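Data from start-v5.txt: compact mmCIF, C-alpha atoms
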# COMPACT_ATOMS: atom_id res chain seq x y z
CA LEU X 1 -40.22 -92.75 -24.18
CA VAL X 2 -39.22 -89.16 -24.91
CA TYR X 3 -41.46 -86.17 -24.24
CA HIS X 4 -40.80 -82.71 -25.67
CA ALA X 5 -42.51 -79.71 -24.10
CA LEU X 6 -42.89 -76.77 -26.45
CA SER X 7 -44.14 -73.27 -25.87
CA ASP X 8 -47.55 -72.32 -27.21
CA SER X 9 -47.70 -71.53 -30.90
CA LEU X 10 -48.72 -67.96 -31.58
CA LEU X 11 -49.83 -66.13 -34.68
CA VAL X 12 -48.07 -62.80 -34.09
CA GLY X 13 -48.69 -60.85 -37.28
CA LEU X 14 -49.50 -60.69 -40.98
CA ASP X 15 -47.40 -59.00 -43.64
CA PRO X 16 -49.05 -57.35 -45.48
CA SER X 17 -52.17 -56.95 -43.35
CA ARG X 18 -54.26 -55.79 -46.32
CA GLY X 19 -54.75 -56.70 -49.94
CA PHE X 20 -57.05 -56.28 -52.90
CA ALA X 21 -60.56 -57.71 -52.90
CA ILE X 22 -59.77 -59.99 -55.86
CA GLY X 23 -57.51 -62.08 -53.57
CA GLY X 24 -54.21 -63.74 -54.38
CA THR X 25 -52.04 -61.59 -52.08
CA LYS X 26 -49.12 -63.57 -50.64
CA VAL X 27 -49.55 -63.00 -46.88
CA ARG X 28 -46.55 -63.81 -44.71
CA MET X 29 -47.52 -65.43 -41.41
CA ILE X 30 -45.39 -64.09 -38.56
CA VAL X 31 -45.40 -66.82 -35.93
CA SER X 32 -43.76 -67.70 -32.63
CA GLY X 33 -43.12 -71.23 -31.39
CA MET X 34 -44.17 -72.99 -34.57
CA ASP X 35 -42.46 -74.71 -37.47
CA PHE X 36 -44.01 -75.48 -40.83
CA VAL X 37 -45.69 -78.86 -41.14
CA PRO X 38 -47.77 -80.09 -44.07
CA GLY X 39 -51.46 -79.77 -43.36
CA LEU X 40 -51.35 -76.32 -41.78
CA GLN X 41 -54.14 -74.09 -43.05
CA CYS X 42 -55.17 -70.44 -42.72
CA LEU X 43 -58.74 -69.39 -42.17
CA PHE X 44 -59.56 -66.00 -43.71
CA GLY X 45 -63.04 -65.26 -42.40
CA TYR X 46 -65.03 -68.20 -43.82
CA ASP X 47 -62.47 -69.45 -46.36
CA LEU X 48 -59.88 -72.09 -45.50
CA VAL X 49 -56.68 -72.05 -47.60
CA ARG X 50 -53.54 -74.14 -47.29
CA MET X 51 -50.36 -72.71 -45.83
CA GLU X 52 -47.18 -72.91 -47.87
CA LEU X 53 -43.50 -72.55 -47.10
CA ASP X 54 -41.29 -70.14 -49.03
CA GLU X 55 -38.12 -72.22 -48.78
CA GLU X 56 -35.95 -69.56 -50.40
CA GLU X 57 -36.99 -66.83 -47.94
CA GLY X 58 -37.70 -69.19 -45.02
CA TYR X 59 -41.19 -68.11 -44.01
CA MET X 60 -44.73 -69.48 -44.04
CA PHE X 61 -47.44 -67.81 -46.10
CA CYS X 62 -51.00 -68.16 -47.31
CA ARG X 63 -52.54 -66.64 -50.41
CA ALA X 64 -55.51 -64.50 -49.43
CA PRO X 65 -58.72 -65.87 -50.96
CA PRO X 66 -61.12 -63.55 -52.80
CA CYS X 67 -63.03 -61.17 -50.55
CA LEU X 68 -66.42 -62.69 -51.39
CA SER X 69 -65.53 -66.17 -50.17
CA ALA X 70 -63.76 -64.83 -47.07
CA ARG X 71 -66.43 -62.37 -45.91
CA TYR X 72 -69.61 -64.28 -46.70
CA ALA X 73 -70.47 -67.87 -45.75
CA ASP X 74 -73.34 -67.69 -48.23
CA LYS X 75 -71.83 -66.20 -51.39
CA ASP X 76 -75.31 -65.73 -52.90
CA ALA X 77 -76.26 -63.32 -50.08
CA PHE X 78 -73.82 -60.69 -51.37
CA PRO X 79 -75.60 -57.82 -53.14
CA VAL X 80 -75.01 -58.00 -56.90
CA GLY X 81 -73.01 -55.06 -58.23
CA SER X 82 -71.54 -54.15 -54.83
CA ASP X 83 -67.82 -53.89 -54.12
CA CYS X 84 -66.52 -56.32 -51.51
CA SER X 85 -64.18 -54.80 -48.92
CA GLY X 86 -63.65 -54.87 -45.17
CA PHE X 87 -61.99 -56.87 -42.40
CA VAL X 88 -61.85 -60.62 -41.73
CA LYS X 89 -60.38 -62.62 -38.86
CA VAL X 90 -57.30 -64.75 -39.68
CA GLN X 91 -56.58 -67.96 -37.78
CA PHE X 92 -54.51 -71.17 -38.13
CA THR X 93 -55.57 -74.78 -37.96
CA MET X 94 -53.84 -78.13 -38.28
CA ASN X 95 -56.98 -80.24 -38.41
CA GLY X 96 -59.81 -78.00 -39.63
CA LEU X 97 -61.53 -78.23 -36.22
CA ASN X 98 -59.35 -76.40 -33.71
CA PHE X 99 -58.28 -72.85 -34.58
CA PHE X 100 -55.86 -70.43 -32.98
CA GLY X 101 -54.85 -66.85 -33.61
CA ASN X 102 -56.94 -63.72 -33.77
CA LEU X 103 -55.58 -61.25 -36.31
CA THR X 104 -57.36 -59.16 -38.91
CA TYR X 105 -56.80 -58.82 -42.63
CA GLU X 106 -58.33 -55.98 -44.60
CA TYR X 107 -59.71 -56.32 -48.10
CA VAL X 108 -59.50 -53.05 -50.02
CA LYS X 109 -60.92 -51.98 -53.34
CA VAL X 110 -58.55 -51.94 -56.30
CA PRO X 111 -57.33 -48.38 -56.94
CA LYS X 112 -58.35 -46.84 -60.22
CA VAL X 113 -56.05 -44.30 -61.85
CA ASP X 114 -57.94 -41.71 -63.91
CA ARG X 115 -55.02 -39.41 -64.76
CA VAL X 116 -51.24 -39.20 -64.42
CA LEU X 117 -49.89 -35.68 -64.07
CA PRO X 118 -46.23 -34.61 -64.10
CA PHE X 119 -45.21 -32.54 -61.09
CA PRO X 120 -43.78 -29.34 -62.65
CA ALA X 121 -41.51 -28.43 -59.72
CA SER X 122 -39.42 -31.59 -60.16
CA GLY X 123 -37.60 -30.05 -63.14
CA TRP X 124 -35.82 -31.92 -65.87
CA SER X 125 -32.44 -32.37 -64.17
CA ARG X 126 -33.75 -34.91 -61.63
CA SER X 127 -36.18 -37.78 -61.61
CA LEU X 128 -39.60 -36.70 -62.76
CA LEU X 129 -42.27 -36.86 -60.07
CA VAL X 130 -45.81 -37.65 -61.12
CA GLY X 131 -49.17 -37.33 -59.42
CA LEU X 132 -51.87 -39.97 -59.72
CA ILE X 133 -55.50 -38.86 -59.76
CA GLY X 134 -58.09 -41.53 -59.09
CA ILE X 135 -60.13 -43.35 -56.47
CA ASN X 136 -59.66 -46.09 -53.82
CA PHE X 137 -56.13 -45.10 -52.76
CA ALA X 138 -55.62 -46.13 -49.15
CA PRO X 139 -52.54 -45.96 -46.92
CA PRO X 140 -49.95 -47.46 -47.16
CA MET X 141 -50.60 -47.65 -50.91
CA TRP X 142 -49.72 -43.99 -51.24
CA TYR X 143 -46.73 -42.02 -50.11

Encoding of this model in structure tokens:
Amino acid sequence: LVYHALSDSLLVGLDPSRGFAIGGTKVRMIVSGMDFVPGLQCLFGYDLVRMELDEEEGYMFCRAPPCLSARYADKDAFPVGSDCSGFVKVQFTMNGLNFFGNLTYEYVKVPKVDRVLPFPASGWSRSLLVGLIGINFAPPMWY
């Protein structure tokens, strides 16, 4: 009989910690004391999605579900015509019953570009800088 004692598994961080409300963002799970095993799942608010392993890069990730399914247990309760955005708790589970981790993921509205303006001071001898005029730009999506 062999017994292995392991340190507690911890969900340390998410990268990125925000994504668009439509979902599909590949969210890297930064963990401590845990290896990938089939059956691991991520809980984004109310929506359970399977965890995957990026073998090439060597990290675990989950694809963020759409904001509606993550933020609302009853999808029909969401006001029609409203934009879904805000924070949800992110946790791990191996069995769908016991959860660990307590991080937040932010759903943001998709930016809309109304105009693209050249920045006149950049001149023609260097790279041309442009300005974007629109709505729903949120850090770190701008710099």

What is the CA of Ile135 in chain X-CA of Lys112 in chain X distance in Å, reported with one decimal? 5.4 Å

Protein and nucleic acid residues near (-42.8, -65.9, -37.2) (cut-off 12 Å, all atoms listed in the file) as a list in words: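 Protein, DNA and RNA residues close to (-42.8, -65.9, -37.2): Ser9, Leu10, Leu11, Val12, Gly13, Leu14, Asp15, Arg28, Met29, Ile30, Val31, Ser32, Gly33, Met34, Asp35, Phe36, Leu53, Gly58, Tyr59, Met60 and Phe61 of chain X.
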
Deliver the residues from the most recent selection as a file, using C-alpha atoms, as a PDB file, in the frame of the given file.
ATOM      1  CA  SER X   9     -47.700 -71.530 -30.900  1.00  0.00           C
ATOM      2  CA  LEU X  10     -48.720 -67.960 -31.580  1.00  0.00           C
ATOM      3  CA  LEU X  11     -49.830 -66.130 -34.680  1.00  0.00           C
ATOM      4  CA  VAL X  12     -48.070 -62.800 -34.090  1.00  0.00           C
ATOM      5  CA  GLY X  13     -48.690 -60.850 -37.280  1.00  0.00           C
ATOM      6  CA  LEU X  14     -49.500 -60.690 -40.980  1.00  0.00           C
ATOM      7  CA  ASP X  15     -47.400 -59.000 -43.640  1.00  0.00           C
ATOM      8  CA  ARG X  28     -46.550 -63.810 -44.710  1.00  0.00           C
ATOM      9  CA  MET X  29     -47.520 -65.430 -41.410  1.00  0.00           C
ATOM     10  CA  ILE X  30     -45.390 -64.090 -38.560  1.00  0.00           C
ATOM     11  CA  VAL X  31     -45.400 -66.820 -35.930  1.00  0.00           C
ATOM     12  CA  SER X  32     -43.760 -67.700 -32.630  1.00  0.00           C
ATOM     13  CA  GLY X  33     -43.120 -71.230 -31.390  1.00  0.00           C
ATOM     14  CA  MET X  34     -44.170 -72.990 -34.570  1.00  0.00           C
ATOM     15  CA  ASP X  35     -42.460 -74.710 -37.470  1.00  0.00           C
ATOM     16  CA  PHE X  36     -44.010 -75.480 -40.830  1.00  0.00           C
ATOM     17  CA  LEU X  53     -43.500 -72.550 -47.100  1.00  0.00           C
ATOM     18  CA  GLY X  58     -37.700 -69.190 -45.020  1.00  0.00           C
ATOM     19  CA  TYR X  59     -41.190 -68.110 -44.010  1.00  0.00           C
ATOM     20  CA  MET X  60     -44.730 -69.480 -44.040  1.00  0.00           C
ATOM     21  CA  PHE X  61     -47.440 -67.810 -46.100  1.00  0.00           C
TER      22      PHE X  61
END

Name the residues within 6 Å of (-58.8, -53.4, -44.6), counting only C-alpha atoms in the file's coordinates, and put them as a ChimeraX atom specification. /X:18,86-87,106-108

To test the calculation: enclose all listed atoms of range 38-57 of chain X in a box whose edges run along x, y and z, add 4 Å on each side, then state centre and edge lengths in Å to one decimal, as JSON.
{"center_x": -50.5, "center_y": -72.7, "center_z": -46.1, "size_x": 37.1, "size_y": 22.8, "size_z": 16.6}

Shortest interatomic distance to Thr93 in chain X - which of X:Val110, X:Leu132, X:Val116, X:Leu40, counting only C-alpha atoms: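 Checking each of X:Val110, X:Leu132, X:Val116, X:Leu40 against Thr93 in chain X, counting only C-alpha atoms, the winner is X:Leu40.
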
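Counting only C-alpha atoms, the residue from X:Ser127, X:Gln41, X:Ser69, X:Asn98 that sits nearest to Ser85 in chain X is X:Ser69.
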
Atomic separation - CA of Val130 in chain X relative to CA of Gly24 in chain X, Å: 28.2 Å

Determine the nearest neighbour of Lys26 in chain X from the options X:Gly39, X:Tyr46, X:Cys62, X:Pro118, counting only C-alpha atoms. X:Cys62
